[in-house]
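S.K.: Take a look at the following structure, please.
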Amino acid sequence: MLLISIGIIMVFSSSAVTSQQTLGDPYYFLKKQALWAVLGTIAMYITSHFDYFRLKRIANPIFYICLLFLVIVLIIGSSSKGATRWLGIGSLSFQPSETIKLAMVIFLSKILSKKHGQIKSFSKGVLPVLGIMALVCVLIMRQPDLGTAIVVAGTTVLLLMAAGAKFGHLFLIALAGVGAVGLLILVEPYRMERFIAFLNPWADPTDTGFQTIQSLLALGSGGLFGVGLGASRQKLYYLP
């Protein structure tokens with residue numbers, strides 16, 4: 001609740017000027033965020049009284065429906081700036097890649113809970129789980145969305161760790177994952193530009209390095225505790 005409260009304050013502090021200029025209401029994002037915080041708190045309370053073992057019965061349909069959404073979004077999804085990630089109309093849109101994160105945790109937890117004696121075996125315990133992860137990641141990368149694919153892969157590795165997989169197997173998977181991410185950055189020019197801008201933003205201060213430099217200026221000006229609530233300056237159209 002403390003994290004939610006701080007988050008709402010930070011959203012208001014960073015968005016008031018922009019929302020006043022573009023929407024005519026400095027409280028637009030504050031009201032929107034506060035509404036979702038209330039709905040989320042209610043959902044959290046209900047979920048805390050729900051027996052999560054009952055999710056086993058619906059783990060399969062949840063996963064397959066979310067997987068189907070990942071396929072559908074590639075066919076009829078909304079495209080923006082070269083990415084196709086949204087399904088729906090207007091404010092009723094959603095990202096299938098977000099729903100698959102939760103579906104993966106529930107589905108893989110069900111599978112791994114049945115592999116008590118096989119989890120130490122790479123071929124019988126780990127490989128089938130990696131196959132599911134690979135399928136989901138390939139569909140997400142078709143959008144493309146490297147960040148979400150990394151989150152899905154990382155979550156899968158953590159679930160394997162919790163289930164008792166061998167450290168050697170996990171290490172090799174992590175090593176292969178780092179190599180795959182490096183390759184995906186190399187083969188896509190815009191990802192390579194972002195990576196170079198991250199390493200040296202001053203090489204292109206007005207374009208690819210602009211946001212990183214503005215972030216550094218914000219941190220440098222405020223130090224550890226900031227310049228004071230509401231007194232920050234980088235939000236005044238400097239930091240996108």
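Starting from 1 in every chain, residues are counted up; chains themselves are A, B, ... following the order of the structure tokens, and ligands are numbered from 1 as listed.
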Using only C-alpha atoms, which residues sit within 12 Å of Val38 (chain A) once same-chain residues fewer than 4 positions away are excluded, as a list of chain:residue names?
M.R.: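 Final neighbour list, sorted by chain and number: A:Met1, A:Ile4, A:Ser5, A:Ile8, A:Lys31, A:Lys32, A:Gln33, A:Ala34, A:Ile42, A:Ala43, A:Met44, A:Tyr45.
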S.K.: Could you tell me, as a PDB file with all heavy atoms, in the first residue's frame, which residues of region 72-224 of chain A DSSP assigns to strand (DSSP E or B) when given the backbone?
M.R.:
```
ATOM      1  N   SER A  78      -3.724  -4.092 -33.456  1.00  0.00           N
ATOM      2  CA  SER A  78      -3.455  -2.695 -33.794  1.00  0.00           C
ATOM      3  C   SER A  78      -1.947  -2.458 -33.831  1.00  0.00           C
ATOM      4  O   SER A  78      -1.230  -2.859 -32.910  1.00  0.00           O
ATOM      5  CB  SER A  78      -4.087  -1.760 -32.754  1.00  0.00           C
ATOM      6  OG  SER A  78      -5.476  -1.987 -32.671  1.00  0.00           O
ATOM      7  N   SER A  79      -1.476  -1.799 -34.896  1.00  0.00           N
ATOM      8  CA  SER A  79      -0.045  -1.531 -35.062  1.00  0.00           C
ATOM      9  C   SER A  79       0.278  -0.081 -34.726  1.00  0.00           C
ATOM     10  O   SER A  79      -0.497   0.817 -35.024  1.00  0.00           O
ATOM     11  CB  SER A  79       0.396  -1.843 -36.497  1.00  0.00           C
ATOM     12  OG  SER A  79       0.221  -3.213 -36.784  1.00  0.00           O
ATOM     13  N   SER A  80       1.428   0.114 -34.083  1.00  0.00           N
ATOM     14  CA  SER A  80       1.899   1.455 -33.755  1.00  0.00           C
ATOM     15  C   SER A  80       3.417   1.461 -33.715  1.00  0.00           C
ATOM     16  O   SER A  80       4.027   0.640 -33.024  1.00  0.00           O
ATOM     17  CB  SER A  80       1.331   1.895 -32.395  1.00  0.00           C
ATOM     18  OG  SER A  80       1.841   3.157 -32.028  1.00  0.00           O
ATOM     19  N   ALA A  83       5.188  -1.888 -34.296  1.00  0.00           N
ATOM     20  CA  ALA A  83       4.873  -3.014 -33.411  1.00  0.00           C
ATOM     21  C   ALA A  83       3.371  -3.289 -33.421  1.00  0.00           C
ATOM     22  O   ALA A  83       2.560  -2.370 -33.471  1.00  0.00           O
ATOM     23  CB  ALA A  83       5.340  -2.725 -31.994  1.00  0.00           C
ATOM     24  N   THR A  84       3.009  -4.571 -33.374  1.00  0.00           N
ATOM     25  CA  THR A  84       1.601  -4.981 -33.329  1.00  0.00           C
ATOM     26  C   THR A  84       1.365  -5.706 -32.011  1.00  0.00           C
ATOM     27  O   THR A  84       1.659  -6.899 -31.890  1.00  0.00           O
ATOM     28  CB  THR A  84       1.260  -5.901 -34.519  1.00  0.00           C
ATOM     29  OG1 THR A  84       1.657  -5.261 -35.736  1.00  0.00           O
ATOM     30  CG2 THR A  84      -0.227  -6.207 -34.570  1.00  0.00           C
ATOM     31  N   ARG A  85       0.823  -4.985 -31.023  1.00  0.00           N
ATOM     32  CA  ARG A  85       0.749  -5.539 -29.664  1.00  0.00           C
ATOM     33  C   ARG A  85      -0.632  -5.455 -29.029  1.00  0.00           C
ATOM     34  O   ARG A  85      -0.837  -6.021 -27.964  1.00  0.00           O
ATOM     35  CB  ARG A  85       1.744  -4.798 -28.755  1.00  0.00           C
ATOM     36  CG  ARG A  85       3.190  -4.923 -29.215  1.00  0.00           C
ATOM     37  CD  ARG A  85       4.119  -4.094 -28.358  1.00  0.00           C
ATOM     38  NE  ARG A  85       5.486  -4.130 -28.867  1.00  0.00           N
ATOM     39  CZ  ARG A  85       6.480  -3.395 -28.380  1.00  0.00           C
ATOM     40  NH1 ARG A  85       6.257  -2.554 -27.386  1.00  0.00           N
ATOM     41  NH2 ARG A  85       7.696  -3.483 -28.894  1.00  0.00           N
ATOM     42  N   TRP A  86      -1.569  -4.741 -29.648  1.00  0.00           N
ATOM     43  CA  TRP A  86      -2.844  -4.468 -28.980  1.00  0.00           C
ATOM     44  C   TRP A  86      -4.016  -5.139 -29.679  1.00  0.00           C
ATOM     45  O   TRP A  86      -4.070  -5.203 -30.901  1.00  0.00           O
ATOM     46  CB  TRP A  86      -3.095  -2.965 -28.927  1.00  0.00           C
ATOM     47  CG  TRP A  86      -2.107  -2.240 -28.071  1.00  0.00           C
ATOM     48  CD1 TRP A  86      -0.882  -1.767 -28.459  1.00  0.00           C
ATOM     49  CD2 TRP A  86      -2.224  -1.924 -26.685  1.00  0.00           C
ATOM     50  NE1 TRP A  86      -0.239  -1.168 -27.404  1.00  0.00           N
ATOM     51  CE2 TRP A  86      -1.045  -1.242 -26.301  1.00  0.00           C
ATOM     52  CE3 TRP A  86      -3.217  -2.127 -25.730  1.00  0.00           C
ATOM     53  CZ2 TRP A  86      -0.835  -0.782 -25.006  1.00  0.00           C
ATOM     54  CZ3 TRP A  86      -3.009  -1.668 -24.441  1.00  0.00           C
ATOM     55  CH2 TRP A  86      -1.828  -1.003 -24.080  1.00  0.00           C
ATOM     56  N   LEU A  87      -4.971  -5.617 -28.872  1.00  0.00           N
ATOM     57  CA  LEU A  87      -6.230  -6.161 -29.361  1.00  0.00           C
ATOM     58  C   LEU A  87      -7.374  -5.366 -28.749  1.00  0.00           C
ATOM     59  O   LEU A  87      -7.302  -4.984 -27.582  1.00  0.00           O
ATOM     60  CB  LEU A  87      -6.389  -7.631 -28.962  1.00  0.00           C
ATOM     61  CG  LEU A  87      -5.859  -8.719 -29.918  1.00  0.00           C
ATOM     62  CD1 LEU A  87      -6.138 -10.086 -29.340  1.00  0.00           C
ATOM     63  CD2 LEU A  87      -6.469  -8.597 -31.309  1.00  0.00           C
ATOM     64  N   PHE A  94      -6.318  -4.255 -25.021  1.00  0.00           N
ATOM     65  CA  PHE A  94      -5.404  -4.875 -24.061  1.00  0.00           C
ATOM     66  C   PHE A  94      -4.258  -5.527 -24.821  1.00  0.00           C
ATOM     67  O   PHE A  94      -4.344  -5.765 -26.029  1.00  0.00           O
ATOM     68  CB  PHE A  94      -6.135  -5.911 -23.196  1.00  0.00           C
ATOM     69  CG  PHE A  94      -6.464  -7.195 -23.917  1.00  0.00           C
ATOM     70  CD1 PHE A  94      -5.675  -8.323 -23.759  1.00  0.00           C
ATOM     71  CD2 PHE A  94      -7.568  -7.273 -24.764  1.00  0.00           C
ATOM     72  CE1 PHE A  94      -5.972  -9.500 -24.428  1.00  0.00           C
ATOM     73  CE2 PHE A  94      -7.881  -8.442 -25.436  1.00  0.00           C
ATOM     74  CZ  PHE A  94      -7.075  -9.561 -25.268  1.00  0.00           C
TER      75      PHE A  94
END
```
S.K.: List the spatial neighbours of Gly164 (chain A) as a list in words - criterion: any atom at most 9 Å away, only C-alpha atoms, same-chain residues fewer than 6 positions off excluded.
M.R.: His116, Ile119 and Lys120 of chain A
S.K.: When you look at Leu67 (chain A) with a cut-off of 12 Å (counting only C-alpha atoms), what residues show up, excluding the ones that are within fewer than 3 positions of it in the same chain? I need them as a list in words.
M.R.: Asn60, Pro61, Ile62, Phe63, Tyr64, Leu70, Val71, Ile72, Val73, Leu74, Gln95, Pro96, Ser97, Glu98, Thr99, Ile100, Lys101, Leu102, Ala103, Met104, Phe107, Ile132, Met133, Leu135, Val136, Cys137, Val138, Leu139 and Ile140 of chain A
S.K.: Report as a ChimeraX atom specification all protein, DNA and RNA residues lying within 12 Å of Phe210 (chain A), evaluated on only C-alpha atoms, omitting residues in the same chain fewer than 6 positions from it.
M.R.: /A:194,197-198,200-204,216-217,238-240
S.K.: Which residue, A:Thr18, A:Leu112, A:Leu30, A:Ala218, has the smallest gap to Ile6 (chain A) when you use only C-alpha atoms?
M.R.: A:Leu30
S.K.: Just to confirm, what's the straight-line distance from CA of Ser221 (chain A) to CA of Gly7 (chain A) in Å (one decimal)?
M.R.: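 If I compute the distance from CA of Ser221 (chain A) to CA of Gly7 (chain A), I get 20.8 Å.
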S.K.: Could you go through region 32-88 of chain A and tell me which residues DSSP, when run on the backbone, assigns to helix (DSSP H, G or I), listing them as a ChimeraX atom specification?
M.R.: /A:32-48,52-76
S.K.: Give the answer as one residue: which of A:Val17, A:Leu23, A:Ala37, A:Val187 has the shortest atom-to-atom distance to Leu2 (chain A), using only C-alpha atoms?
M.R.: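 Closest to Leu2 (chain A), using only C-alpha atoms: A:Ala37.
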S.K.: At a cut-off of 8 Å, using only C-alpha atoms, what residues contact region 12-16 of chain A? Leave out same-chain residues fewer than 5 positions from it and give the result as a list in words.
M.R.: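 Residues near the query, excluding close chain neighbours: Asp25, Pro26, Tyr27, Tyr28, Phe29, Leu30, Leu229, Gly230 and Lys235 of chain A.
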S.K.: Just to be explicit: take each residue in the selection above, keep all heavy atoms, and write the result as a short mmCIF file (atom, residue, chain, number, x, y, z; two decimals), in the first residue's frame.
M.R.:
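Dumped everything to part.cif:
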```cif
data_model
loop_
_atom_site.label_atom_id
_atom_site.label_comp_id
_atom_site.auth_asym_id
_atom_site.auth_seq_id
_atom_site.Cartn_x
_atom_site.Cartn_y
_atom_site.Cartn_z
N ASP A 25 -6.34 19.40 -18.05
CA ASP A 25 -6.67 18.92 -16.70
C ASP A 25 -5.42 18.35 -16.04
O ASP A 25 -4.98 17.26 -16.39
CB ASP A 25 -7.76 17.85 -16.77
CG ASP A 25 -8.15 17.32 -15.39
OD1 ASP A 25 -7.71 17.90 -14.38
OD2 ASP A 25 -8.92 16.33 -15.32
N PRO A 26 -4.83 19.08 -15.08
CA PRO A 26 -3.60 18.59 -14.44
C PRO A 26 -3.81 17.31 -13.62
O PRO A 26 -2.85 16.61 -13.31
CB PRO A 26 -3.18 19.75 -13.54
CG PRO A 26 -4.45 20.50 -13.27
CD PRO A 26 -5.26 20.37 -14.53
N TYR A 27 -5.08 17.03 -13.29
CA TYR A 27 -5.37 15.86 -12.46
C TYR A 27 -5.81 14.65 -13.27
O TYR A 27 -6.22 13.63 -12.69
CB TYR A 27 -6.48 16.20 -11.45
CG TYR A 27 -6.16 17.40 -10.60
CD1 TYR A 27 -6.77 18.62 -10.84
CD2 TYR A 27 -5.23 17.31 -9.55
CE1 TYR A 27 -6.47 19.74 -10.06
CE2 TYR A 27 -4.93 18.42 -8.78
CZ TYR A 27 -5.55 19.63 -9.03
OH TYR A 27 -5.24 20.71 -8.26
N TYR A 28 -5.74 14.71 -14.60
CA TYR A 28 -6.25 13.62 -15.45
C TYR A 28 -5.61 12.28 -15.10
O TYR A 28 -6.31 11.30 -14.82
CB TYR A 28 -6.02 13.96 -16.93
CG TYR A 28 -6.44 12.84 -17.87
CD1 TYR A 28 -7.77 12.67 -18.22
CD2 TYR A 28 -5.49 11.95 -18.38
CE1 TYR A 28 -8.15 11.64 -19.06
CE2 TYR A 28 -5.86 10.92 -19.22
CZ TYR A 28 -7.19 10.77 -19.57
OH TYR A 28 -7.55 9.74 -20.39
N PHE A 29 -4.28 12.22 -15.12
CA PHE A 29 -3.59 10.96 -14.86
C PHE A 29 -3.67 10.56 -13.38
O PHE A 29 -3.66 9.39 -13.04
CB PHE A 29 -2.13 11.04 -15.32
CG PHE A 29 -1.98 11.12 -16.80
CD1 PHE A 29 -1.60 12.30 -17.43
CD2 PHE A 29 -2.24 10.01 -17.59
CE1 PHE A 29 -1.48 12.37 -18.80
CE2 PHE A 29 -2.11 10.06 -18.97
CZ PHE A 29 -1.74 11.25 -19.58
N LEU A 30 -3.74 11.56 -12.51
CA LEU A 30 -3.90 11.28 -11.07
C LEU A 30 -5.22 10.55 -10.83
O LEU A 30 -5.26 9.53 -10.12
CB LEU A 30 -3.86 12.58 -10.27
CG LEU A 30 -4.19 12.46 -8.77
CD1 LEU A 30 -3.14 11.65 -8.05
CD2 LEU A 30 -4.32 13.84 -8.14
N LEU A 229 9.42 17.51 -3.43
CA LEU A 229 8.18 17.08 -4.07
C LEU A 229 7.56 18.21 -4.90
O LEU A 229 7.30 19.30 -4.37
CB LEU A 229 7.18 16.59 -3.01
CG LEU A 229 5.93 15.87 -3.53
CD1 LEU A 229 6.31 14.62 -4.30
CD2 LEU A 229 4.99 15.52 -2.39
N GLY A 230 7.37 17.96 -6.18
CA GLY A 230 6.76 18.95 -7.07
C GLY A 230 7.74 19.95 -7.64
O GLY A 230 7.37 20.77 -8.49
N LYS A 235 10.65 17.14 -15.74
CA LYS A 235 9.29 16.81 -16.22
C LYS A 235 8.70 17.92 -17.09
O LYS A 235 7.68 17.71 -17.75
CB LYS A 235 8.37 16.57 -15.03
CG LYS A 235 8.11 17.82 -14.20
CD LYS A 235 7.37 17.52 -12.94
CE LYS A 235 7.17 18.76 -12.09
NZ LYS A 235 6.66 18.44 -10.76
#
```
S.K.: Which of these residues is nearest to Tyr237 (chain A), using only C-alpha atoms: A:Thr22, A:Phe122, A:Ser113, A:Phe53?
M.R.: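 Checking each of A:Thr22, A:Phe122, A:Ser113, A:Phe53 against Tyr237 (chain A), counting only C-alpha atoms, the winner is A:Thr22.
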